[in-house]
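Engineer: There's a structure below that I have some questions on.
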Amino acid sequence: MTIATAVAPPTIADVLAAQARLDGVVVRTPVGQYAELDRVTDAEVAVKHENLQRTGAFKARGASNLLLSMSDAERAGGVVAYSTGNHAQGVAYAARLTGTACTIVMPDDPNPVKLRAVLDLGADVLLHGATFDDARAQATALAHDLGARLVGAANEPDIIAGVGTLYLELFQQAPGLDVLVVPVGGGSGAAAAGLVAAAVAPYTEVIGVQSAASPAAHDSWHTGDLVERPNTTRAEGLAVGCGFEVTQALMREHLTDFVLVTDDQIAAAQRLYLTGAHTVAEGAGAAALAAVLADPGRFAGRRVGVVCTGGNASADELRRALTLG
């Protein structure tokens, strides 16, 4: 079954326009290759370091593109967003950049690193509910009451187009990839990756990966329906309990496959990043590498791109990764 959407998805032309719009606003992050990662995976692994992006995660690209695309009158009403952290930081960064009033709704007990960063960027923060989905419901109601623009992380073509700029960079920096593995929460990254790959690298497989503890996007992709699932992963950037129509439509059009990994496999990948690449990756940022490690036969001998989507890990998260096993 094909997931229909009432919102027009972005095109490669939108990604190119976003690239021009974001020039000087976001960082052209580096791509690294590390002998230890290649040895452990028996593959040639190219790591796109979005953990070195503004706000420490790729989300700054999409949020900045969306707010810069809004009119002055639209921005005057302010924005409300909901997030477990990285989208929050991206929207707060873009709001400060454009002088837009910004309120972020985050679940109770958020990652303290991400909460401090959002506050430091000048956004107002409301803590509500136990999960991303609770925060989403509260933010939707708040935006309606305030007359503000609700900025989600998934059903937003301008956000997907902005995220697509990182994949334009990656295919320039690491041409000839056999496969690209992308972590999925709401799906803006994988949707953008598939869109860009289809245009500039059509022979590159694009594979999505999500935590088995929060498999809503994975199950939506495989069933063709937008489904809700338990949402219990430790990896905040993957902690989404439902599928979204715009990202699902693009992923179903362009992804080769969509796989699951466990939270412990994600933590093991975080440890390998720390010890083998001297790189700090939060859980979502390590998920792509976790998928490569979990299925070595699939990736051995191939040129593999993985995106380290964020590095905003808490101290407890890093300690858990280092003591694993």
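Naming works like this for the structure tokens: A, B, ... for the chains as they're shown, residue 1 at the start of each chain, ligands 1 onward in shown order.
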Just the residues within 12 Å of Thr98 of chain A, please, counting only C-alpha atoms, with nothing from its chain fewer than 2 positions along; format it as a list in words.
Structural biologist: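 That gives Val25, Ala63, Ser64, Asn65, Leu66, Leu67, Leu68, Ser69, Met70, Ser71, Asp72, Glu74, Arg75, Ala76, Gly78, Val79, Val91, Ala92, Tyr93, Ala94, Ala95, Arg96, Thr100, Ala101 and Cys102 of chain A.
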Engineer: Give me, as a Markdown table, the closest atom pair and its distance (Å, one decimal) for every residue of segment 117-200 of chain A within a cut-off of 7 Å of segment 5-17 of chain A, counting only C-alpha atoms, rows sorted by chain and rising number.
Structural biologist:
```
| residue | atom | partner | partner_atom | distance |
| --- | --- | --- | --- | --- |
| A:Pro157 | CA | A:Pro10 | CA | 5.2 |
| A:Ala161 | CA | A:Val15 | CA | 4.5 |
| A:Gly162 | CA | A:Val15 | CA | 6.3 |
| A:Gly164 | CA | A:Val15 | CA | 5.7 |
| A:Thr165 | CA | A:Val15 | CA | 6.1 |
| A:Leu195 | CA | A:Ile12 | CA | 6.8 |
| A:Val196 | CA | A:Ile12 | CA | 6.4 |
| A:Ala199 | CA | A:Ile12 | CA | 6.9 |
```
Engineer: Have a look at atom CA of Ala313 of chain A and atom CA of Val113 of chain A and let me know their distance in Å, one decimal.
Structural biologist: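 Atom CA of Val113 of chain A lies 7.1 Å from atom CA of Ala313 of chain A.
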Engineer: Contacts of Tyr273 of chain A at 9 Å or less, counting only C-alpha atoms, minus same-chain residues fewer than 6 places along, as a PyMOL selection string?
Structural biologist: chain A and resi 37+279-281+286+289
Engineer: Residues of the last selection are to be written out with N, CA, C and O atoms, as a PDB file, in the first residue's frame.
Structural biologist:
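Done, and the output landed in again.pdb:
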```
ATOM      1  N   LEU A  37      37.236   1.619  12.344  1.00  0.00           N
ATOM      2  CA  LEU A  37      35.877   1.346  11.868  1.00  0.00           C
ATOM      3  C   LEU A  37      35.918   0.427  10.643  1.00  0.00           C
ATOM      4  O   LEU A  37      35.120  -0.511  10.529  1.00  0.00           O
ATOM      5  N   THR A 279      35.192  10.165  18.469  1.00  0.00           N
ATOM      6  CA  THR A 279      34.008  10.921  18.090  1.00  0.00           C
ATOM      7  C   THR A 279      32.898  10.706  19.112  1.00  0.00           C
ATOM      8  O   THR A 279      32.593   9.567  19.467  1.00  0.00           O
ATOM      9  N   VAL A 280      32.288  11.794  19.571  1.00  0.00           N
ATOM     10  CA  VAL A 280      31.137  11.701  20.471  1.00  0.00           C
ATOM     11  C   VAL A 280      29.869  11.614  19.635  1.00  0.00           C
ATOM     12  O   VAL A 280      29.563  12.519  18.857  1.00  0.00           O
ATOM     13  N   ALA A 281      29.151  10.526  19.800  1.00  0.00           N
ATOM     14  CA  ALA A 281      27.874  10.328  19.116  1.00  0.00           C
ATOM     15  C   ALA A 281      26.802  10.053  20.152  1.00  0.00           C
ATOM     16  O   ALA A 281      26.983   9.209  21.021  1.00  0.00           O
ATOM     17  N   ALA A 286      24.632   7.257  16.536  1.00  0.00           N
ATOM     18  CA  ALA A 286      25.372   6.008  16.376  1.00  0.00           C
ATOM     19  C   ALA A 286      24.542   4.902  15.740  1.00  0.00           C
ATOM     20  O   ALA A 286      25.064   3.822  15.465  1.00  0.00           O
ATOM     21  N   LEU A 289      25.801   3.371  12.298  1.00  0.00           N
ATOM     22  CA  LEU A 289      26.942   2.484  12.487  1.00  0.00           C
ATOM     23  C   LEU A 289      26.510   1.189  13.160  1.00  0.00           C
ATOM     24  O   LEU A 289      27.005   0.101  12.823  1.00  0.00           O
TER      25      LEU A 289
END
```
Engineer: Rounded to one decimal in Å, what is the spacing between atom CA of Thr309 of chain A and atom CA of Phe58 of chain A?
Structural biologist: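 Calculated distance between atom CA of Thr309 of chain A and atom CA of Phe58 of chain A is 5.6 Å.
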Engineer: Write out as JSON, numbers by chain the set of residues from segment 135-267 of chain A that DSSP, computed on the backbone, places in strand (DSSP E).
Structural biologist: {"A": [149, 150, 151, 179, 180, 181, 182, 183, 205, 206, 207, 208, 209, 210, 211, 257, 258, 259, 260, 261]}
Engineer: Would you put the residues from that selection into a file with N, CA, C and O atoms, as a short mmCIF file (atom, residue, chain, number, x, y, z; two decimals), in the first residue's frame?
Structural biologist:
```
data_model
loop_
_atom_site.label_atom_id
_atom_site.label_comp_id
_atom_site.auth_asym_id
_atom_site.auth_seq_id
_atom_site.Cartn_x
_atom_site.Cartn_y
_atom_site.Cartn_z
N ARG A 149 3.09 29.52 14.69
CA ARG A 149 3.37 28.47 13.70
C ARG A 149 3.90 27.24 14.41
O ARG A 149 4.91 27.29 15.11
N LEU A 150 3.20 26.11 14.28
CA LEU A 150 3.67 24.85 14.84
C LEU A 150 4.73 24.27 13.89
O LEU A 150 4.48 24.10 12.70
N VAL A 151 5.90 23.96 14.43
CA VAL A 151 7.00 23.44 13.62
C VAL A 151 7.30 22.02 14.06
O VAL A 151 7.96 21.77 15.06
N VAL A 179 26.27 2.09 -0.48
CA VAL A 179 25.10 2.11 0.38
C VAL A 179 25.24 3.24 1.38
O VAL A 179 26.35 3.58 1.82
N LEU A 180 24.12 3.85 1.74
CA LEU A 180 24.06 4.92 2.73
C LEU A 180 23.06 4.50 3.80
O LEU A 180 21.92 4.13 3.49
N VAL A 181 23.48 4.55 5.07
CA VAL A 181 22.63 4.14 6.19
C VAL A 181 22.28 5.37 7.02
O VAL A 181 23.18 6.13 7.41
N VAL A 182 20.98 5.55 7.29
CA VAL A 182 20.50 6.79 7.91
C VAL A 182 19.59 6.46 9.09
O VAL A 182 18.64 5.68 8.94
N PRO A 183 19.83 7.04 10.27
CA PRO A 183 18.93 6.81 11.41
C PRO A 183 17.59 7.50 11.20
O PRO A 183 17.51 8.55 10.56
N GLU A 205 22.31 2.44 -2.59
CA GLU A 205 21.20 1.99 -1.76
C GLU A 205 21.08 2.90 -0.55
O GLU A 205 22.08 3.31 0.03
N VAL A 206 19.86 3.20 -0.16
CA VAL A 206 19.62 3.98 1.06
C VAL A 206 18.81 3.12 2.02
O VAL A 206 17.73 2.64 1.67
N ILE A 207 19.35 2.93 3.22
CA ILE A 207 18.73 2.06 4.22
C ILE A 207 18.44 2.88 5.48
O ILE A 207 19.32 3.57 6.00
N GLY A 208 17.21 2.80 5.96
CA GLY A 208 16.86 3.44 7.22
C GLY A 208 17.08 2.50 8.38
O GLY A 208 17.01 1.28 8.23
N VAL A 209 17.31 3.06 9.57
CA VAL A 209 17.50 2.24 10.77
C VAL A 209 16.85 2.94 11.95
O VAL A 209 16.96 4.16 12.12
N GLN A 210 16.15 2.16 12.76
CA GLN A 210 15.47 2.68 13.94
C GLN A 210 15.69 1.71 15.10
O GLN A 210 16.04 0.55 14.89
N SER A 211 15.48 2.18 16.30
CA SER A 211 15.57 1.31 17.47
C SER A 211 14.38 0.37 17.54
O SER A 211 13.23 0.78 17.35
N ASP A 257 15.68 -0.42 2.00
CA ASP A 257 15.31 -1.27 3.13
C ASP A 257 15.22 -0.41 4.37
O ASP A 257 15.69 0.75 4.39
N PHE A 258 14.64 -0.98 5.42
CA PHE A 258 14.49 -0.31 6.70
C PHE A 258 14.67 -1.39 7.76
O PHE A 258 13.96 -2.39 7.77
N VAL A 259 15.66 -1.21 8.66
CA VAL A 259 16.01 -2.25 9.62
C VAL A 259 15.92 -1.72 11.04
O VAL A 259 15.82 -0.51 11.27
N LEU A 260 15.98 -2.66 11.98
CA LEU A 260 15.95 -2.33 13.40
C LEU A 260 17.24 -2.77 14.08
O LEU A 260 17.84 -3.77 13.68
N VAL A 261 17.65 -2.03 15.09
CA VAL A 261 18.75 -2.42 15.97
C VAL A 261 18.29 -2.25 17.41
O VAL A 261 17.32 -1.53 17.69
#
```
Engineer: Between A:Ala239, A:Ala267, A:Ala174, A:Ala216, which one has atoms that come closest to Thr204 of chain A, using only C-alpha atoms?
Structural biologist: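 Closest candidate: A:Ala174.
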